[in-house]
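Peer 1: What follows is protein.csv, CSV, C-alpha atoms.
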chain,number,residue,atom,x,y,z
A,1,MET,CA,187.6,166.2,66.4
A,2,LYS,CA,190.0,165.5,69.3
A,3,LYS,CA,187.7,162.8,70.7
A,4,LEU,CA,187.5,161.2,67.2
A,5,ILE,CA,191.3,161.2,66.9
A,6,ALA,CA,191.6,159.7,70.4
A,7,LEU,CA,189.1,157.0,69.5
A,8,ILE,CA,191.0,156.0,66.3
A,9,ALA,CA,194.3,156.1,68.1
A,10,GLY,CA,192.9,153.9,70.9
A,11,LEU,CA,191.6,151.3,68.4
A,12,ILE,CA,195.0,151.2,66.7
A,13,MET,CA,196.9,150.9,70.0
A,14,SER,CA,194.6,148.1,71.1
A,15,HIS,CA,195.6,146.0,68.1
A,16,THR,CA,199.2,147.0,68.3
A,17,CYS,CA,199.5,146.0,71.9
A,18,LEU,CA,198.4,142.5,71.2
A,19,ALA,CA,201.1,139.8,70.9
A,20,GLN,CA,201.6,139.0,67.2
A,21,LEU,CA,201.7,135.3,66.5
A,22,THR,CA,202.5,133.9,63.1
A,23,GLU,CA,201.3,130.5,61.9
A,24,ASN,CA,201.6,128.5,58.7
A,25,MET,CA,198.7,126.4,57.5
A,26,GLY,CA,197.2,124.4,54.6
A,27,TRP,CA,193.6,124.4,53.5
A,28,LEU,CA,191.6,122.1,51.2
A,29,PHE,CA,188.4,123.7,50.0
A,30,ILE,CA,185.8,121.9,47.8
A,31,THR,CA,182.7,123.8,46.7
A,32,HIS,CA,179.8,122.6,44.6
A,33,GLN,CA,176.7,124.3,43.1
A,34,GLN,CA,174.0,122.0,41.8
A,35,LYS,CA,171.1,123.4,39.7
A,36,LEU,CA,167.8,122.2,40.9
A,37,SER,CA,165.6,124.3,38.6
A,38,LYS,CA,165.8,127.6,36.7
A,39,LYS,CA,165.5,129.5,40.0
A,40,LEU,CA,166.9,127.2,42.6
A,41,ASP,CA,170.5,125.9,43.3
A,42,LEU,CA,171.8,123.6,46.0
A,43,LEU,CA,175.1,124.8,47.6
A,44,ALA,CA,177.6,122.5,49.3
A,45,ASP,CA,181.1,123.3,50.7
A,46,VAL,CA,183.7,121.1,52.4
A,47,GLN,CA,186.8,122.6,54.0
A,48,LEU,CA,189.7,120.9,55.8
A,49,ARG,CA,192.3,123.0,57.6
A,50,SER,CA,195.7,122.0,59.1
A,51,ALA,CA,197.1,123.2,62.4
A,52,ASN,CA,200.3,125.4,62.5
A,53,GLN,CA,203.2,123.9,60.6
A,54,PHE,CA,200.8,121.3,59.0
A,55,ASP,CA,201.0,119.2,62.1
A,56,TYR,CA,197.5,117.7,62.1
A,57,LEU,CA,193.9,118.3,60.9
A,58,THR,CA,192.5,121.0,63.1
A,59,THR,CA,189.2,122.1,61.4
A,60,LEU,CA,186.4,120.5,59.5
A,61,LEU,CA,183.8,122.8,58.0
A,62,LEU,CA,180.7,121.5,56.3
A,63,ARG,CA,178.3,124.0,54.7
A,64,THR,CA,175.1,123.7,52.7
A,65,GLY,CA,172.2,125.9,51.6
A,66,VAL,CA,169.6,126.7,49.0
A,67,SER,CA,170.1,129.6,46.6
A,68,TYR,CA,167.3,131.5,44.8
A,69,ASN,CA,168.3,133.1,41.5
A,70,PHE,CA,166.5,136.4,40.8
A,71,ASP,CA,168.4,136.5,37.4
A,72,LYS,CA,171.9,135.7,36.1
A,73,LYS,CA,173.5,138.4,38.3
A,74,HIS,CA,171.6,138.4,41.5
A,75,SER,CA,170.9,135.6,44.0
A,76,ALA,CA,170.1,135.1,47.7
A,77,ALA,CA,170.6,132.0,49.9
A,78,LEU,CA,169.8,130.5,53.2
A,79,GLY,CA,171.9,127.8,54.8
A,80,TYR,CA,173.5,125.9,57.6
A,81,ALA,CA,177.2,125.2,58.5
A,82,TYR,CA,178.9,122.8,60.9
A,83,LYS,CA,182.4,123.6,62.1
A,84,GLY,CA,184.5,121.4,64.4
A,85,ASP,CA,187.9,122.5,65.8
A,86,TRP,CA,190.4,120.2,67.4
A,87,GLU,CA,193.4,121.7,69.3
A,88,GLN,CA,196.0,119.2,70.5
A,89,ASN,CA,197.6,120.1,73.9
A,90,PRO,CA,200.3,118.1,75.7
A,91,ASP,CA,197.7,116.6,78.1
A,92,ASN,CA,194.6,116.4,75.9
A,93,THR,CA,192.7,117.4,72.8
A,94,GLN,CA,190.3,120.3,73.1
A,95,TYR,CA,187.2,120.2,70.8
A,96,THR,CA,185.0,123.1,69.9
A,97,LEU,CA,181.8,122.7,68.0
A,98,GLU,CA,180.0,125.4,66.1
A,99,ASN,CA,176.5,125.3,64.5
A,100,ARG,CA,175.9,128.2,62.2
A,101,LEU,CA,173.0,129.6,60.2
A,102,PHE,CA,173.6,132.1,57.4
A,103,GLU,CA,171.8,134.3,55.0
A,104,GLN,CA,173.7,135.8,51.9
A,105,TYR,CA,173.2,137.9,48.9
A,106,ILE,CA,175.5,137.6,45.8
A,107,TYR,CA,175.9,140.0,42.8
A,108,GLN,CA,178.1,138.7,40.0
A,109,PHE,CA,179.0,140.3,36.7
A,110,LYS,CA,181.6,140.5,34.0
A,111,LEU,CA,184.0,143.3,33.1
A,112,SER,CA,185.0,142.2,29.6
A,113,GLN,CA,186.3,138.7,30.4
A,114,ILE,CA,186.9,139.3,34.1
A,115,GLU,CA,184.4,137.6,36.4
A,116,VAL,CA,183.6,139.7,39.5
A,117,MET,CA,181.6,138.6,42.5
A,118,LEU,CA,180.4,140.6,45.5
A,119,ARG,CA,178.9,138.7,48.5
A,120,ALA,CA,177.3,139.9,51.7
A,121,ARG,CA,176.7,137.2,54.4
A,122,LEU,CA,175.1,137.4,57.9
A,123,GLU,CA,175.9,134.5,60.3
A,124,GLN,CA,174.2,133.4,63.5
A,125,ARG,CA,176.8,131.4,65.4
A,126,PHE,CA,176.2,128.9,68.2
A,127,VAL,CA,179.6,128.0,69.6
A,128,LYS,CA,179.8,125.2,72.1
A,129,GLU,CA,182.8,124.7,74.4
A,130,GLU,CA,181.5,124.1,78.0
A,131,ASN,CA,178.2,125.7,77.1
A,132,VAL,CA,176.7,127.3,74.0
A,133,GLN,CA,177.5,131.0,73.2
A,134,PHE,CA,175.4,132.9,70.6
A,135,SER,CA,176.8,135.7,68.5
A,136,GLN,CA,176.2,137.3,65.1
A,137,ARG,CA,178.8,138.1,62.4
A,138,ALA,CA,178.6,139.9,59.1
A,139,ARG,CA,181.0,139.2,56.2
A,140,GLY,CA,181.8,141.2,53.1
A,141,PHE,CA,183.5,139.4,50.2
A,142,VAL,CA,184.8,140.5,46.8
A,143,SER,CA,186.7,138.4,44.2
A,144,ALA,CA,187.8,138.6,40.6
A,145,GLN,CA,188.9,135.9,38.2
A,146,ILE,CA,191.1,137.3,35.5
A,147,PRO,CA,191.8,135.2,32.4
A,148,LEU,CA,195.5,134.9,31.4
A,149,ILE,CA,195.5,132.3,28.6
A,150,ALA,CA,191.9,131.3,27.9
A,151,ASP,CA,189.3,131.0,25.0
A,152,ALA,CA,187.2,134.0,24.1
A,153,ASP,CA,184.2,133.0,26.3
A,154,PHE,CA,186.5,132.0,29.2
A,155,ASN,CA,185.1,128.4,29.3
A,156,ARG,CA,188.6,126.9,29.5
A,157,GLY,CA,192.0,128.2,30.3
A,158,LEU,CA,194.5,129.7,32.8
A,159,TYR,CA,193.5,132.5,35.1
A,160,THR,CA,194.6,134.4,38.2
A,161,GLY,CA,192.2,135.1,41.1
A,162,ILE,CA,192.2,137.9,43.7
A,163,GLN,CA,189.9,138.2,46.6
A,164,ASN,CA,189.4,139.8,50.0
A,165,GLU,CA,186.9,139.2,52.8
A,166,ILE,CA,186.3,141.2,56.0
A,167,PHE,CA,184.4,139.9,59.0
A,168,VAL,CA,182.8,142.1,61.7
A,169,ASN,CA,181.0,141.1,64.9
A,170,VAL,CA,177.5,142.7,65.0
A,171,GLN,CA,176.1,141.1,68.2
A,172,HIS,CA,177.7,139.8,71.4
A,173,GLN,CA,181.2,140.7,70.4
A,174,GLN,CA,182.3,140.2,74.0
A,175,ARG,CA,181.7,136.4,73.5
A,176,VAL,CA,184.1,136.3,70.6
A,177,ASN,CA,187.1,138.6,70.7
A,178,ASN,CA,185.8,141.8,72.3
A,179,ASN,CA,186.1,143.6,69.0
A,180,PHE,CA,183.8,144.9,66.3
A,181,PHE,CA,186.5,143.8,63.7
A,182,ASP,CA,186.7,140.1,63.7
A,183,GLN,CA,189.2,139.1,60.9
A,184,ASN,CA,190.3,139.7,57.4
A,185,ARG,CA,191.4,137.3,54.7
A,186,SER,CA,193.2,138.3,51.5
A,187,MET,CA,194.2,135.8,48.8
A,188,VAL,CA,195.9,135.6,45.4
A,189,SER,CA,195.8,132.4,43.3
A,190,ILE,CA,196.5,130.8,40.0
A,191,GLY,CA,193.8,128.6,38.6
A,192,TYR,CA,192.8,126.5,35.6
A,193,ARG,CA,189.3,126.3,34.2
A,194,TRP,CA,188.8,122.8,32.8
A,195,SER,CA,185.3,123.5,31.5
A,196,LYS,CA,182.5,125.9,32.3
A,197,HIS,CA,181.7,123.4,35.1
A,198,ILE,CA,185.0,122.8,36.8
A,199,ASP,CA,187.7,125.1,38.2
A,200,SER,CA,190.9,124.4,40.2
A,201,GLU,CA,193.0,126.9,42.1
A,202,LEU,CA,196.2,127.0,44.2
A,203,GLY,CA,196.6,130.2,46.2
A,204,TYR,CA,198.2,132.0,49.1
A,205,LEU,CA,195.9,133.5,51.7
A,206,PHE,CA,196.9,135.9,54.4
A,207,TRP,CA,194.6,135.7,57.4
A,208,TYR,CA,194.7,138.3,60.1
A,209,GLN,CA,192.6,137.6,63.3
A,210,PRO,CA,192.8,139.5,66.6
A,211,GLU,CA,191.8,137.5,69.6
A,212,LYS,CA,191.3,138.7,73.2
A,213,GLU,CA,195.0,138.3,74.1
A,214,ASN,CA,196.8,137.7,70.8
A,215,ALA,CA,196.6,138.7,67.2
A,216,TYR,CA,197.2,135.9,64.7
A,217,ARG,CA,198.9,136.4,61.3
A,218,ARG,CA,198.4,133.2,59.4
A,219,ASN,CA,200.0,132.2,56.1
A,220,VAL,CA,197.7,129.7,54.3
A,221,ILE,CA,198.3,127.7,51.2
A,222,GLN,CA,194.9,126.8,49.8
A,223,LEU,CA,194.0,124.2,47.2
A,224,MET,CA,190.5,124.8,45.9
A,225,PHE,CA,188.1,122.9,43.6
A,226,THR,CA,184.9,124.4,42.3
A,227,THR,CA,182.2,122.5,40.4
A,228,LYS,CA,178.9,123.7,39.0
A,229,PHE,CA,176.4,121.4,37.3
Output the structure of this file as structure tokens.

Peer 2:
Amino acid sequence: MKKLIALIAGLIMSHTCLAQLTENMGWLFITHQQKLSKKLDLLADVQLRSANQFDYLTTLLLRTGVSYNFDKKHSAALGYAYKGDWEQNPDNTQYTLENRLFEQYIYQFKLSQIEVMLRARLEQRFVKEENVQFSQRARGFVSAQIPLIADADFNRGLYTGIQNEIFVNVQHQQRVNNNFFDQNRSMVSIGYRWSKHIDSELGYLFWYQPEKENAYRRNVIQLMFTTKF
């Protein structure tokens, strides 16, 4: 028991001792799901992120995949993502490229009118700075869309969204941030469903991410559009 307490205390102290840096950012997130057949969907995401204080575009994320629907509640997908990061320094601009493969499982259901989604995702990351570094990361995501002023079937109307996603490094964590825990993102939003095919949301996301020397606390304003056809 003493060893367990010491281990927990050591983990807490390791995060506490990191310098706490606060940043303010803006994200634009566009996600689309296109039905190919009764069982298959095409997935496509585009995300743009600003640097601290909205100074410049720092990240472009492009993600696509194919999803297989077991039924209305359960689906699994395979996909690929490209991520480019630009960091402007006084002397130059540093560019980091990441190629990423992913596998995911989604379970979605309704509690009365509330729409709930649970997602588990495993990512194989190939990050290139001077050379390519491979690592694997797992992500656990939960979200709920809660109608506020909407029709009986929630095909149109105002809603609020809540979500949380935790990231953990499951292989080669020394190549990332030397931690099993990678990051956590929590968000609350207000949205409007224009039809059963189109949603729009504006939300606040709190992003906590410990790195090797610093821990970042990021306040993110995110504008999101979701389409399904």

Peer 1: Write out as a tab-separated table the residues of stretch 153-224 of chain A that have any atom within 12 Å of an atom of stretch 112-128 of chain A, one row each with the nearest atom pair and its distance in Å to one decimal, counting only C-alpha atoms, sorted by chain and then rising number.

Peer 2:
residue	atom	partner	partner_atom	distance
A:Asp153	CA	A:Gln113	CA	7.3
A:Phe154	CA	A:Gln113	CA	6.8
A:Asn155	CA	A:Gln113	CA	10.4
A:Gly157	CA	A:Gln113	CA	11.9
A:Tyr159	CA	A:Ile114	CA	9.5
A:Thr160	CA	A:Ile114	CA	10.0
A:Gly161	CA	A:Glu115	CA	9.4
A:Ile162	CA	A:Val116	CA	9.7
A:Gln163	CA	A:Met117	CA	9.3
A:Asn164	CA	A:Leu118	CA	10.1
A:Glu165	CA	A:Arg119	CA	9.1
A:Ile166	CA	A:Ala120	CA	10.1
A:Phe167	CA	A:Arg121	CA	9.4
A:Val168	CA	A:Leu122	CA	9.8
A:Asn169	CA	A:Glu123	CA	9.5
A:Val170	CA	A:Leu122	CA	9.2
A:Gln171	CA	A:Gln124	CA	9.2
A:His172	CA	A:Arg125	CA	10.4
A:Gln173	CA	A:Arg125	CA	11.4
A:Arg175	CA	A:Val127	CA	9.5
A:Val176	CA	A:Val127	CA	9.5

Peer 1: Could you please determine the separation between atom CA of A:Phe229 and atom CA of A:Arg100 in Å, to one decimal place?

Peer 2: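 Atom-to-atom, atom CA of A:Phe229 to atom CA of A:Arg100, that is 25.8 Å.
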
Peer 1: With a cut-off of 8 Å, could you pull out the residues of stretch 101-132 of chain A touching stretch 71-82 of chain A and give me the nearest pair of atoms for each, distance in Å to one decimal, using only C-alpha atoms, ordered by chain and ascending number, as JSON lines?

Peer 2:
{"residue": "A:Leu101", "atom": "CA", "partner": "A:Tyr80", "partner_atom": "CA", "distance": 4.5}
{"residue": "A:Phe102", "atom": "CA", "partner": "A:Gly79", "partner_atom": "CA", "distance": 5.3}
{"residue": "A:Glu103", "atom": "CA", "partner": "A:Leu78", "partner_atom": "CA", "distance": 4.7}
{"residue": "A:Gln104", "atom": "CA", "partner": "A:Ala77", "partner_atom": "CA", "distance": 5.3}
{"residue": "A:Tyr105", "atom": "CA", "partner": "A:Ala76", "partner_atom": "CA", "distance": 4.3}
{"residue": "A:Ile106", "atom": "CA", "partner": "A:Ser75", "partner_atom": "CA", "distance": 5.3}
{"residue": "A:Tyr107", "atom": "CA", "partner": "A:His74", "partner_atom": "CA", "distance": 4.8}
{"residue": "A:Gln108", "atom": "CA", "partner": "A:Lys73", "partner_atom": "CA", "distance": 4.9}
{"residue": "A:Phe109", "atom": "CA", "partner": "A:Lys73", "partner_atom": "CA", "distance": 6.0}

Peer 1: Looking at all atoms listed in the file, which of A:Arg63, A:Met25, A:Asn52, A:Asn69 is the one that sits closest to A:Lys38?

Peer 2: A:Asn69

Peer 1: May I have the residues within 7 Å of A:Gln33 as a list of chain:residue names, using all atoms listed in the file and disregarding those fewer than 5 positions away in the same chain?

Peer 2: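 After dropping sequence-adjacent residues, the list is A:Asp41, A:Leu42, A:Leu43, A:Ala44, A:Thr227, A:Lys228, A:Phe229.
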
Peer 1: For A:Gln53, which residue among A:Trp27, A:Leu40, A:Gly140, A:Pro210 is the nearest when counting only C-alpha atoms?

Peer 2: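 Going through A:Trp27, A:Leu40, A:Gly140, A:Pro210 one by one, the smallest distance to A:Gln53 is for A:Trp27.
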
Peer 1: Considering only C-alpha atoms, can you say which of A:Glu98, A:Lys110, A:Phe181, A:Asn92 comes closest to A:Arg137?

Peer 2: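 Nearest candidate to A:Arg137 out of A:Glu98, A:Lys110, A:Phe181, A:Asn92: A:Phe181.
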
Peer 1: Distance atom CA of A:Val188-atom CA of A:Asp55, one decimal place?

Peer 2: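 For atom CA of A:Val188 relative to atom CA of A:Asp55, the distance reads 24.0 Å.
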
Peer 1: Which of these residues is nearest to A:Tyr68, using all atoms listed in the file: A:His197, A:Lys35, A:Arg156, A:Arg139?

Peer 2: A:Lys35

Peer 1: When you count all atoms listed in the file, which of these residues is closest to A:Gly26: A:Ile149, A:Val46, A:Ala51, A:Ile190?

Peer 2: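 Comparing A:Ile149, A:Val46, A:Ala51, A:Ile190 against A:Gly26, the winner is A:Ala51.
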
Peer 1: Of the residues A:Asn184, A:Glu201, A:Leu48, A:Leu111, which is the one nearest to A:Arg218, using all atoms listed in the file?

Peer 2: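 Answer, going by the shortest atom-to-atom distance: A:Asn184.
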
Peer 1: Take atom CA of A:Asn214 and atom CA of A:Asn178 and report the distance between them in Å, one decimal.

Peer 2: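 So the answer is 11.8 Å.
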
Peer 1: Name the residues in contact with A:Gly191 at a cut-off of 10 Å, using all atoms listed in the file, excluding same-chain residues fewer than 6 positions from it; report them as a count of residues only.

Peer 2: 17

Peer 1: For a quick check of your reading of the model, name the residues lying within 9 Å of the coordinate (191.6, 143.2, 64.0), counting all atoms listed in the file, and write them as a list in words.

Peer 2: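 Every residue inside that radius is included here: His15, Asn179, Phe180, Phe181, Asp182, Gln183, Asn184, Tyr208, Gln209, Pro210, Glu211 and Ala215 of chain A.
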
Peer 1: Quick one: stretch 62-74 of chain A with C-alpha atoms, as a compact mmCIF listing (two decimals), in the first residue's frame?

Peer 2:
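Output file selection_9.txt follows:
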# COMPACT_ATOMS: atom_id res chain seq x y z
CA LEU A 62 -7.24 16.07 -42.85
CA ARG A 63 -8.82 12.73 -41.94
CA THR A 64 -10.74 10.15 -43.95
CA GLY A 65 -11.90 6.58 -43.53
CA VAL A 66 -14.45 3.91 -44.33
CA SER A 67 -16.96 2.83 -41.71
CA TYR A 68 -18.84 -0.49 -41.56
CA ASN A 69 -22.24 -0.38 -39.87
CA PHE A 70 -23.12 -3.56 -37.98
CA ASP A 71 -26.52 -2.01 -37.20
CA LYS A 72 -27.90 1.43 -36.27
CA LYS A 73 -25.96 1.51 -32.99
CA HIS A 74 -22.63 -0.19 -33.70
